[in-house]
Amino acid sequence: MKKLAAITFTSMMLLLATAMVVVAVDSVEIRGKVATEGATWTADDFAGFYYDLDDNIKTEELTTVVTDGKLAEPDGVTYTTTAMAKDFEFEDWGQYNVIGFMAEKYFAGYLDTADTTDDVLFEKSEDENVLSDEQLLKILTDDDAEMTVTSGTPLKLEEGYELGIKSIDIDGNKVYLELSKDGAVVSSKVISPSKDGATMLDKTFYYKKDVGDSKDVVIVAAHFKNAFRGADQDLATIDGVWQLSDTPADVSENTEYDKMTIQTVTADSVMMNNEDNDITLSKNKEITLMEGVSIKTADADELRYYIYKEATEPGTYELRGTVATDTATWDADSFAGFYYDIDDNIKTETLTATVTDGKLAEPDGVTYSTTAMADDFEFEDWGQYNVIGFMAEKYFAGYLDAEGTDDVLFEESEDENVLSDEQLLKILVDDDAEMTVTSGTPLKMENGYELGIKSIDIDGNKVFLELSKDGAVVDSKVISPSKDGADMKDKTYYYKMDVGDSKDVVIVAAHFKNAFRGADQDLATIDGLWQLSDTPEDVSENTEYDKMTIQTVTADSVTMNNEDNDITLSKNKDIALMPGVAIKTADADELRYYIYKGVTIEGEGAAAEPAAEAEA
């Protein structure tokens, strides 16, 4: 949703918000497909690159060439982007050149529409192609939603701009407008949207200025549908708004962006490479290529990596899969929304959409399967557990038996495999970072749990611990982490409880490295922490999640399909398949669609996109 339209559609958004679960996080990693050698990414397989589904506009391409474990300069990494024509949302203004640059959407230039003067923004700009001047402008607003502006309520734009009605003549023909920035008037103009035979120029307010090296570029425009002189105030209807940033992005040759350097610039393209910057793909690395695009490598001996974009600004983001035009299959390689562990190459989920006559016919138009895989605890001495992605979230399926007796969490759980009981538990904490806990500062955990030291004996051998939830003690235990010959059970605090249909499942565990009796307070070092949700996720057969129904459940797998739910892939639809996964179709006559997961960074602007629709 464009920023100005977000206010208009707030009520609709609230109604739709229950249709699809949107995960709230502090930051979002938008990753591309996983590679083990040289690879190429475009907007088809990297959701971080700019993409317009409706018009199938994708401009960016990044290629890596791996030589002896490194991306050798100058062409170990090459990046190209080529502008494409796009209609304004207010289509009567014509077209402009849009371009993705470093995984953001930019304006490259206005385009001439033959045999018409309606292309006011092109006609009134002196330097209509800013890319020819080796710069780009951020597109701040491109909107055709109708809105009413009054003489008392100016239209608030981005970067401190406001457009206000100063007066309208008695016939409603002439509208006197002022544009201000940060309170200072920068432009005034009279337009005549309601006069007989009004032209596009009569109806369009525009403001042009020098931006960087480009002269007289229209950076603000508003199309007025009509205007009225009222008894108490003047008002007008705007049905087209356009704004560009007045601060250009430099794309001149030899400009460096982190490890990338611009090599060539034309009237419609930019090319960069990693000149003078060898990039070694050693394990467990996060490497910034350029603003907006980084590389992450697996903490593994074999090479495995992907490119990604990290978003931190408040808003709702789409983790989308590869774009499809027919029957398609997505897994964690091709859909960044599915759970994936790059270090151990763990991916459990697969979704297939089978298109028949423009629809996903029930029962098997959409099939989804997920199969648990063994994963090490972060505190590895506890052994392993079965992890499983379910509806694009990470879950615990069961503890695994390991040789020896260090697998305390398995040993102490009665029903160690919760998936056998047709349920899953959310993994809340899995951590091996060392932390100090004192008798005066309990360890705060998720879901209201706290683990506190009540006392330590004088030798530092016995630690009396209490676990509370929401202030009420639920468990107490004595462990002996510092005694001679202490084994894993001596050093591990655990709490088990019945969760749903599973009996005595360990849901909290903490490994104590040591403990000390102090003069003023007792303290201990924890170097392993584990917590599961005490509220299970139901995966029993015939359970319905939006349009999907669980068909089979085994000790290590779940399958679903769209039984009793035909899904028509008509144009311009946003359809919730299940919590966490939706389908979006292009507003185009030809079928084009992708699956996606919505993720929200909370804060101002976080509700910029509505959730998926409940109906097909």
# chains A, B, ... in the order shown; residues from 1 in each chain; ligands from 1
call {"tool": "closest_atom_pairs", "arguments": {"of": "range 279-306 of chain A", "to": "range 341-360 of chain A", "cutoff": "8 Å", "atoms": "only C-alpha atoms", "output": "JSON lines"}}
result
{"residue": "A:Asn284", "atom": "CA", "partner": "A:Asp343", "partner_atom": "CA", "distance": 8.0}
{"residue": "A:Thr297", "atom": "CA", "partner": "A:Ile342", "partner_atom": "CA", "distance": 7.7}
{"residue": "A:Ala298", "atom": "CA", "partner": "A:Asp343", "partner_atom": "CA", "distance": 4.4}
{"residue": "A:Asp299", "atom": "CA", "partner": "A:Asp343", "partner_atom": "CA", "distance": 4.8}
{"residue": "A:Ala300", "atom": "CA", "partner": "A:Asp343", "partner_atom": "CA", "distance": 5.8}
{"residue": "A:Arg304", "atom": "CA", "partner": "A:Ile342", "partner_atom": "CA", "distance": 7.3}
{"residue": "A:Tyr305", "atom": "CA", "partner": "A:Ile342", "partner_atom": "CA", "distance": 7.5}
call {"tool": "residues_around", "arguments": {"residues": "Asp421 in chain A", "least_positions_apart": "6", "cutoff": "10 Å", "atoms": "only C-alpha atoms", "output": "list in words"}}
result
Ala397, Asp415, Gly500, Asp501, Ser502, Lys503, Asp538, Val539, Ser540, Val553, Thr554 and Ala555 of chain A
call {"tool": "closest_atom_pairs", "arguments": {"of": "range 350-383 of chain A", "to": "range 560-566 of chain A", "cutoff": "8 Å", "atoms": "only C-alpha atoms", "output": "tab-separated table"}}
result
residue	atom	partner	partner_atom	distance
A:Lys359	CA	A:Asp566	CA	7.0
A:Leu360	CA	A:Asp566	CA	5.9
A:Ala361	CA	A:Asp566	CA	4.7
A:Glu362	CA	A:Asp566	CA	5.0
A:Pro363	CA	A:Glu563	CA	3.9
A:Asp364	CA	A:Asn561	CA	5.6
A:Gly365	CA	A:Asn562	CA	6.6
A:Val366	CA	A:Asn561	CA	5.4
A:Thr367	CA	A:Asn561	CA	4.5
A:Tyr368	CA	A:Met560	CA	5.1
A:Ser369	CA	A:Met560	CA	6.4
call {"tool": "write_last_selection", "arguments": {"atoms": "N, CA and C atoms", "output": "CSV table (one decimal), in the first residue's frame"}}
result
chain,number,residue,atom,x,y,z
A,359,LYS,N,-7.1,-22.3,-11.7
A,359,LYS,CA,-7.4,-22.5,-10.3
A,359,LYS,C,-6.6,-23.6,-9.7
A,360,LEU,N,-6.5,-23.6,-8.4
A,360,LEU,CA,-5.9,-24.6,-7.6
A,360,LEU,C,-7.1,-25.5,-7.0
A,361,ALA,N,-7.4,-26.5,-7.8
A,361,ALA,CA,-8.6,-27.3,-7.5
A,361,ALA,C,-8.4,-28.2,-6.3
A,362,GLU,N,-9.5,-28.3,-5.5
A,362,GLU,CA,-9.4,-29.1,-4.3
A,362,GLU,C,-9.5,-30.6,-4.8
A,363,PRO,N,-8.9,-31.6,-4.1
A,363,PRO,CA,-8.2,-31.4,-2.8
A,363,PRO,C,-6.7,-31.2,-2.9
A,364,ASP,N,-6.1,-31.4,-4.1
A,364,ASP,CA,-4.6,-31.4,-4.2
A,364,ASP,C,-4.1,-30.3,-5.1
A,365,GLY,N,-4.9,-29.2,-5.2
A,365,GLY,CA,-4.4,-28.0,-5.9
A,365,GLY,C,-3.2,-27.4,-5.2
A,366,VAL,N,-3.2,-27.5,-3.9
A,366,VAL,CA,-2.1,-27.1,-3.1
A,366,VAL,C,-1.8,-28.2,-2.1
A,367,THR,N,-0.6,-28.7,-2.2
A,367,THR,CA,-0.1,-29.7,-1.2
A,367,THR,C,1.1,-29.2,-0.5
A,368,TYR,N,1.1,-29.5,0.8
A,368,TYR,CA,2.2,-29.0,1.7
A,368,TYR,C,2.7,-30.2,2.5
A,369,SER,N,4.0,-30.3,2.6
A,369,SER,CA,4.5,-31.4,3.5
A,369,SER,C,5.7,-30.9,4.2
call {"tool": "residues_around", "arguments": {"residues": "Asp407 in chain A", "least_positions_apart": "6", "cutoff": "7 Å", "atoms": "only C-alpha atoms", "output": "PyMOL selection string"}}
result
chain A and resi 382-383+401
call {"tool": "write_last_selection", "arguments": {"atoms": "C-alpha atoms", "output": "PDB file, in the first residue's frame"}}
result
ATOM      1  CA  TRP A 382      22.714 -32.002  25.406  1.00  0.00           C
ATOM      2  CA  GLY A 383      22.649 -33.873  22.095  1.00  0.00           C
ATOM      3  CA  ASP A 401      18.166 -40.408  22.036  1.00  0.00           C
TER       4      ASP A 401
END
call {"tool": "residues_around", "arguments": {"residues": "Trp530 in chain A", "least_positions_apart": "3", "cutoff": "7 Å", "atoms": "only C-alpha atoms", "output": "ChimeraX atom specification"}}
result
/A:429-431,508-510
call {"tool": "atom_distance", "arguments": {"atom1": "CA of Asp589 in chain A", "atom2": "CA of Met147 in chain A"}}
result
28.5 Å
call {"tool": "closest_residue", "arguments": {"among": "A:Leu425, A:Leu467, A:Ala85, A:Ala486", "to": "Leu443 in chain A", "atoms": "only C-alpha atoms"}}
result
A:Leu467
call {"tool": "residues_around", "arguments": {"residues": "Ser476 in chain A", "least_positions_apart": "5", "cutoff": "8 Å", "atoms": "only C-alpha atoms", "output": "PDB file with C-alpha atoms, in the first residue's frame"}}
result
ATOM      1  CA  PHE A 464      18.793 -24.341  45.199  1.00  0.00           C
ATOM      2  CA  LEU A 465      16.746 -23.018  42.252  1.00  0.00           C
ATOM      3  CA  GLU A 466      13.145 -21.901  41.852  1.00  0.00           C
ATOM      4  CA  LEU A 467      11.237 -21.518  38.604  1.00  0.00           C
TER       5      LEU A 467
END
call {"tool": "closest_atom_pairs", "arguments": {"of": "range 190-290 of chain A", "to": "range 168-176 of chain A", "cutoff": "7 Å", "atoms": "only C-alpha atoms", "output": "Markdown table"}}
result
| residue | atom | partner | partner_atom | distance |
| --- | --- | --- | --- | --- |
| A:Val190 | CA | A:Tyr176 | CA | 4.5 |
| A:Ile191 | CA | A:Val175 | CA | 5.3 |
| A:Ser192 | CA | A:Lys174 | CA | 4.6 |
| A:Pro193 | CA | A:Asn173 | CA | 6.4 |
| A:Ser194 | CA | A:Asn173 | CA | 5.0 |
| A:Lys195 | CA | A:Asn173 | CA | 5.1 |
| A:Ala227 | CA | A:Gly172 | CA | 5.7 |
| A:Phe228 | CA | A:Gly172 | CA | 4.9 |
| A:Arg229 | CA | A:Gly172 | CA | 5.5 |
| A:Asp234 | CA | A:Ile168 | CA | 6.3 |
call {"tool": "write_last_selection", "arguments": {"atoms": "N, CA and C atoms", "output": "CSV table (one decimal), in the first residue's frame"}}
result
chain,number,residue,atom,x,y,z
A,190,VAL,N,-1.4,28.7,-9.6
A,190,VAL,CA,-2.9,28.7,-9.8
A,190,VAL,C,-3.2,27.6,-10.9
A,191,ILE,N,-4.1,26.7,-10.5
A,191,ILE,CA,-4.5,25.7,-11.5
A,191,ILE,C,-6.0,25.8,-11.7
A,192,SER,N,-6.6,25.2,-12.7
A,192,SER,CA,-8.0,25.4,-13.1
A,192,SER,C,-8.6,24.0,-13.4
A,193,PRO,N,-8.8,23.2,-12.4
A,193,PRO,CA,-9.3,21.8,-12.6
A,193,PRO,C,-10.7,21.7,-13.1
A,194,SER,N,-11.5,22.7,-12.7
A,194,SER,CA,-13.0,22.6,-12.9
A,194,SER,C,-13.5,23.4,-14.1
A,195,LYS,N,-12.6,24.1,-14.7
A,195,LYS,CA,-13.1,24.9,-15.8
A,195,LYS,C,-13.5,24.0,-17.0
A,227,ALA,N,-12.6,21.0,-7.7
A,227,ALA,CA,-12.4,21.9,-6.6
A,227,ALA,C,-13.8,22.6,-6.4
A,228,PHE,N,-14.0,23.0,-5.1
A,228,PHE,CA,-15.2,23.7,-4.7
A,228,PHE,C,-15.0,24.8,-3.7
A,229,ARG,N,-15.7,25.9,-3.9
A,229,ARG,CA,-15.7,27.0,-2.9
A,229,ARG,C,-16.8,26.7,-1.9
A,234,ASP,N,-12.6,25.9,1.7
A,234,ASP,CA,-12.5,25.4,0.3
A,234,ASP,C,-12.0,24.0,0.3
call {"tool": "residues_around", "arguments": {"residues": "range 246-259 of chain A", "least_positions_apart": "6", "cutoff": "8 Å", "atoms": "only C-alpha atoms", "output": "number ranges by chain"}}
result
A: 131, 134-138, 211-212, 219, 265, 270, 274-275, 277, 288-291
call {"tool": "write_last_selection", "arguments": {"atoms": "N, CA and C atoms", "output": "PDB file, in the first residue's frame"}}
result
ATOM      1  N   LEU A 131      19.270   9.735 -14.816  1.00  0.00           N
ATOM      2  CA  LEU A 131      20.338   8.745 -14.922  1.00  0.00           C
ATOM      3  C   LEU A 131      21.393   9.184 -15.929  1.00  0.00           C
ATOM      4  N   GLU A 134      24.023  10.736 -14.216  1.00  0.00           N
ATOM      5  CA  GLU A 134      24.680   9.811 -13.283  1.00  0.00           C
ATOM      6  C   GLU A 134      24.151   9.953 -11.853  1.00  0.00           C
ATOM      7  N   GLN A 135      22.836  10.025 -11.758  1.00  0.00           N
ATOM      8  CA  GLN A 135      22.211  10.030 -10.444  1.00  0.00           C
ATOM      9  C   GLN A 135      20.820   9.418 -10.540  1.00  0.00           C
ATOM     10  N   LEU A 136      20.272   9.053  -9.393  1.00  0.00           N
ATOM     11  CA  LEU A 136      18.939   8.481  -9.298  1.00  0.00           C
ATOM     12  C   LEU A 136      18.194   9.177  -8.164  1.00  0.00           C
ATOM     13  N   LEU A 137      16.848   9.145  -8.225  1.00  0.00           N
ATOM     14  CA  LEU A 137      16.031   9.759  -7.191  1.00  0.00           C
ATOM     15  C   LEU A 137      15.098   8.721  -6.593  1.00  0.00           C
ATOM     16  N   LYS A 138      15.000   8.703  -5.279  1.00  0.00           N
ATOM     17  CA  LYS A 138      14.104   7.780  -4.591  1.00  0.00           C
ATOM     18  C   LYS A 138      12.655   8.168  -4.874  1.00  0.00           C
ATOM     19  N   VAL A 211      18.067  19.270  -8.928  1.00  0.00           N
ATOM     20  CA  VAL A 211      18.408  18.208  -7.980  1.00  0.00           C
ATOM     21  C   VAL A 211      19.763  17.656  -8.381  1.00  0.00           C
ATOM     22  N   GLY A 212      20.771  17.934  -7.556  1.00  0.00           N
ATOM     23  CA  GLY A 212      22.112  17.512  -7.940  1.00  0.00           C
ATOM     24  C   GLY A 212      22.515  18.145  -9.253  1.00  0.00           C
ATOM     25  N   ILE A 219       9.609  17.231  -9.089  1.00  0.00           N
ATOM     26  CA  ILE A 219       9.743  16.275  -7.981  1.00  0.00           C
ATOM     27  C   ILE A 219       8.442  16.131  -7.190  1.00  0.00           C
ATOM     28  N   VAL A 265      27.984   3.653 -16.548  1.00  0.00           N
ATOM     29  CA  VAL A 265      26.651   4.247 -16.404  1.00  0.00           C
ATOM     30  C   VAL A 265      26.202   4.692 -17.786  1.00  0.00           C
ATOM     31  N   VAL A 270      23.233   0.735 -14.987  1.00  0.00           N
ATOM     32  CA  VAL A 270      24.393   0.886 -14.110  1.00  0.00           C
ATOM     33  C   VAL A 270      25.032  -0.482 -13.944  1.00  0.00           C
ATOM     34  N   ASN A 274      33.422  -5.853  -8.008  1.00  0.00           N
ATOM     35  CA  ASN A 274      34.191  -5.756  -6.760  1.00  0.00           C
ATOM     36  C   ASN A 274      35.654  -5.430  -7.021  1.00  0.00           C
ATOM     37  N   GLU A 275      35.892  -4.470  -7.873  1.00  0.00           N
ATOM     38  CA  GLU A 275      37.247  -4.017  -8.197  1.00  0.00           C
ATOM     39  C   GLU A 275      38.009  -3.676  -6.909  1.00  0.00           C
ATOM     40  N   ASN A 277      38.698  -5.468  -4.436  1.00  0.00           N
ATOM     41  CA  ASN A 277      38.184  -6.082  -3.206  1.00  0.00           C
ATOM     42  C   ASN A 277      37.979  -7.586  -3.378  1.00  0.00           C
ATOM     43  N   THR A 288      29.189  -7.435   3.904  1.00  0.00           N
ATOM     44  CA  THR A 288      28.424  -6.418   3.191  1.00  0.00           C
ATOM     45  C   THR A 288      29.024  -6.205   1.805  1.00  0.00           C
ATOM     46  N   LEU A 289      28.231  -6.481   0.767  1.00  0.00           N
ATOM     47  CA  LEU A 289      28.681  -6.211  -0.598  1.00  0.00           C
ATOM     48  C   LEU A 289      28.484  -4.740  -0.928  1.00  0.00           C
ATOM     49  N   MET A 290      27.270  -4.262  -0.686  1.00  0.00           N
ATOM     50  CA  MET A 290      26.908  -2.875  -0.928  1.00  0.00           C
ATOM     51  C   MET A 290      25.695  -2.598  -0.053  1.00  0.00           C
ATOM     52  N   GLU A 291      25.361  -1.355   0.128  1.00  0.00           N
ATOM     53  CA  GLU A 291      24.209  -1.023   0.941  1.00  0.00           C
ATOM     54  C   GLU A 291      22.976  -1.760   0.418  1.00  0.00           C
TER      55      GLU A 291
END
call {"tool": "closest_residue", "arguments": {"among": "A:Leu235, A:Ile567, A:Ala47, A:Ala324", "to": "Tyr593 in chain A", "atoms": "only C-alpha atoms"}}
result
A:Ala324
call {"tool": "select_by_dssp", "arguments": {"residues": "range 223-461 of chain A", "states": "strand (DSSP E)", "output": "ChimeraX atom specification"}}
result
/A:223-228,235-244,249-250,256-257,260-265,269-273,279-280,286-290,293-297,305-311,315-320,328-331,340-341,346-347,349-353,359-360,366-371,373-376,384-390,393-399,423-431,435-438,443-444,449-456
call {"tool": "write_last_selection", "arguments": {"atoms": "C-alpha atoms", "output": "short mmCIF file (atom, residue, chain, number, x, y, z; two decimals), in the first residue's frame"}}
result
data_model
loop_
_atom_site.label_atom_id
_atom_site.label_comp_id
_atom_site.auth_asym_id
_atom_site.auth_seq_id
_atom_site.Cartn_x
_atom_site.Cartn_y
_atom_site.Cartn_z
CA HIS A 223 -3.71 15.90 -10.11
CA PHE A 224 -6.87 17.70 -9.01
CA LYS A 225 -10.08 16.00 -10.07
CA ASN A 226 -12.20 18.98 -9.03
CA ALA A 227 -12.44 21.93 -6.63
CA PHE A 228 -15.22 23.67 -4.71
CA LEU A 235 -11.95 21.84 -0.74
CA ALA A 236 -10.67 19.79 -3.64
CA THR A 237 -10.39 16.14 -4.65
CA ILE A 238 -6.94 14.84 -5.56
CA ASP A 239 -6.68 11.54 -7.45
CA GLY A 240 -2.99 11.48 -8.36
CA VAL A 241 0.08 12.25 -6.21
CA TRP A 242 3.74 11.90 -7.16
CA GLN A 243 6.87 12.76 -5.20
CA LEU A 244 10.59 12.20 -5.70
CA ALA A 249 21.78 8.97 -5.10
CA ASP A 250 25.18 9.24 -6.81
CA GLU A 256 32.35 3.04 -4.31
CA TYR A 257 29.60 1.38 -2.31
CA MET A 260 31.40 -2.63 -5.04
CA THR A 261 32.51 0.06 -7.49
CA ILE A 262 30.45 1.54 -10.32
CA GLN A 263 32.13 0.78 -13.64
CA THR A 264 29.72 2.01 -16.31
CA VAL A 265 26.65 4.25 -16.40
CA SER A 269 21.76 1.19 -16.83
CA VAL A 270 24.39 0.89 -14.11
CA MET A 271 27.07 -1.80 -13.73
CA MET A 272 29.25 -2.49 -10.67
CA ASN A 273 31.88 -5.03 -9.70
CA ILE A 279 36.05 -11.41 -0.95
CA THR A 280 36.96 -14.63 0.86
CA GLU A 286 28.44 -11.91 7.10
CA ILE A 287 29.89 -9.70 4.39
CA THR A 288 28.42 -6.42 3.19
CA LEU A 289 28.68 -6.21 -0.60
CA MET A 290 26.91 -2.88 -0.93
CA VAL A 293 22.91 -6.51 -0.17
CA SER A 294 25.13 -8.77 1.92
CA ILE A 295 26.45 -12.35 1.84
CA LYS A 296 26.03 -14.91 4.61
CA THR A 297 28.10 -18.12 4.68
CA TYR A 305 25.98 -19.14 1.17
CA TYR A 306 23.25 -16.77 0.09
CA ILE A 307 22.78 -13.06 -0.53
CA TYR A 308 20.36 -11.20 1.69
CA LYS A 309 18.92 -7.82 2.54
CA GLU A 310 18.34 -6.83 6.15
CA ALA A 311 15.39 -4.53 6.81
CA GLY A 315 6.80 -1.64 8.18
CA THR A 316 5.43 -4.87 6.76
CA TYR A 317 7.71 -6.83 4.43
CA GLU A 318 7.09 -9.72 2.07
CA LEU A 319 9.34 -12.74 2.18
CA ARG A 320 8.30 -14.03 -1.23
CA ALA A 328 5.24 -24.70 -9.25
CA THR A 329 6.98 -26.09 -6.17
CA TRP A 330 8.69 -24.10 -3.41
CA ASP A 331 10.99 -25.23 -0.63
CA TYR A 340 16.01 -22.71 6.99
CA ASP A 341 19.22 -23.36 8.95
CA ILE A 346 18.16 -27.92 7.43
CA LYS A 347 15.04 -27.38 5.35
CA GLU A 349 8.97 -27.70 4.15
CA THR A 350 7.72 -28.12 0.56
CA LEU A 351 4.64 -26.57 -1.05
CA THR A 352 3.34 -27.43 -4.53
CA ALA A 353 0.66 -25.49 -6.40
CA LYS A 359 -7.39 -22.49 -10.31
CA LEU A 360 -5.90 -24.64 -7.58
CA VAL A 366 -2.09 -27.07 -3.05
CA THR A 367 -0.12 -29.74 -1.22
CA TYR A 368 2.19 -29.02 1.70
CA SER A 369 4.51 -31.40 3.48
CA THR A 370 7.09 -30.99 6.19
CA THR A 371 9.46 -33.62 7.61
CA MET A 373 15.24 -33.23 10.78
CA ALA A 374 17.80 -33.78 13.54
CA ASP A 375 19.43 -30.61 14.85
CA ASP A 376 22.05 -30.04 17.55
CA GLN A 384 19.99 -33.41 19.43
CA TYR A 385 16.31 -32.81 18.89
CA ASN A 386 13.97 -32.98 15.90
CA VAL A 387 13.27 -29.57 14.41
CA ILE A 388 10.48 -28.98 11.92
CA GLY A 389 9.22 -26.03 9.93
CA PHE A 390 5.46 -25.72 10.09
CA GLU A 393 7.74 -21.13 11.53
CA LYS A 394 10.33 -23.14 13.46
CA TYR A 395 8.99 -25.82 15.84
CA PHE A 396 10.16 -28.61 18.13
CA ALA A 397 8.96 -32.11 17.20
CA GLY A 398 10.78 -34.27 19.76
CA TYR A 399 13.94 -35.08 21.70
CA GLN A 423 1.21 -31.52 18.25
CA LEU A 424 4.27 -29.26 18.00
CA LEU A 425 5.91 -26.81 20.41
CA LYS A 426 7.39 -23.43 19.51
CA ILE A 427 11.11 -23.14 20.28
CA LEU A 428 11.45 -19.98 22.35
CA VAL A 429 15.11 -20.15 23.43
CA ASP A 430 18.07 -22.24 22.23
CA ASP A 431 21.26 -20.52 23.36
CA MET A 435 25.55 -15.36 31.26
CA THR A 436 25.81 -14.67 34.96
CA VAL A 437 22.83 -15.09 37.26
CA THR A 438 22.81 -13.82 40.82
CA LEU A 443 16.99 -15.11 34.76
CA LYS A 444 14.02 -13.76 32.81
CA TYR A 449 8.97 -17.63 33.33
CA GLU A 450 11.88 -16.70 35.64
CA LEU A 451 14.64 -18.91 37.03
CA GLY A 452 16.07 -17.71 40.31
CA ILE A 453 18.88 -18.76 42.66
CA LYS A 454 17.46 -19.07 46.17
CA SER A 455 20.70 -20.18 47.84
CA ILE A 456 24.09 -21.84 47.32
#
call {"tool": "closest_residue", "arguments": {"among": "A:Glu146, A:Val599, A:Asp326, A:Leu53", "to": "Asn572 in chain A", "atoms": "only C-alpha atoms"}}
result
A:Leu53
call {"tool": "select_by_dssp", "arguments": {"residues": "range 184-223 of chain A", "states": "alpha helix (DSSP H)", "output": "list in words"}}
result
Met200, Leu201, Asp202 and Lys203 of chain A
call {"tool": "write_last_selection", "arguments": {"atoms": "N, CA, C and O atoms", "output": "PDB file, in the first residue's frame"}}
result
ATOM      1  N   MET A 200      -4.812  18.545 -19.030  1.00  0.00           N
ATOM      2  CA  MET A 200      -4.022  17.911 -17.976  1.00  0.00           C
ATOM      3  C   MET A 200      -3.183  18.948 -17.238  1.00  0.00           C
ATOM      4  O   MET A 200      -3.041  18.891 -16.010  1.00  0.00           O
ATOM      5  N   LEU A 201      -2.649  19.906 -17.972  1.00  0.00           N
ATOM      6  CA  LEU A 201      -1.845  20.950 -17.342  1.00  0.00           C
ATOM      7  C   LEU A 201      -2.700  21.819 -16.423  1.00  0.00           C
ATOM      8  O   LEU A 201      -2.255  22.221 -15.346  1.00  0.00           O
ATOM      9  N   ASP A 202      -3.948  22.074 -16.819  1.00  0.00           N
ATOM     10  CA  ASP A 202      -4.864  22.849 -15.976  1.00  0.00           C
ATOM     11  C   ASP A 202      -5.132  22.134 -14.654  1.00  0.00           C
ATOM     12  O   ASP A 202      -5.361  22.783 -13.623  1.00  0.00           O
ATOM     13  N   LYS A 203      -5.128  20.822 -14.677  1.00  0.00           N
ATOM     14  CA  LYS A 203      -5.519  20.040 -13.513  1.00  0.00           C
ATOM     15  C   LYS A 203      -4.342  19.583 -12.646  1.00  0.00           C
ATOM     16  O   LYS A 203      -4.550  18.991 -11.583  1.00  0.00           O
TER      17      LYS A 203
END
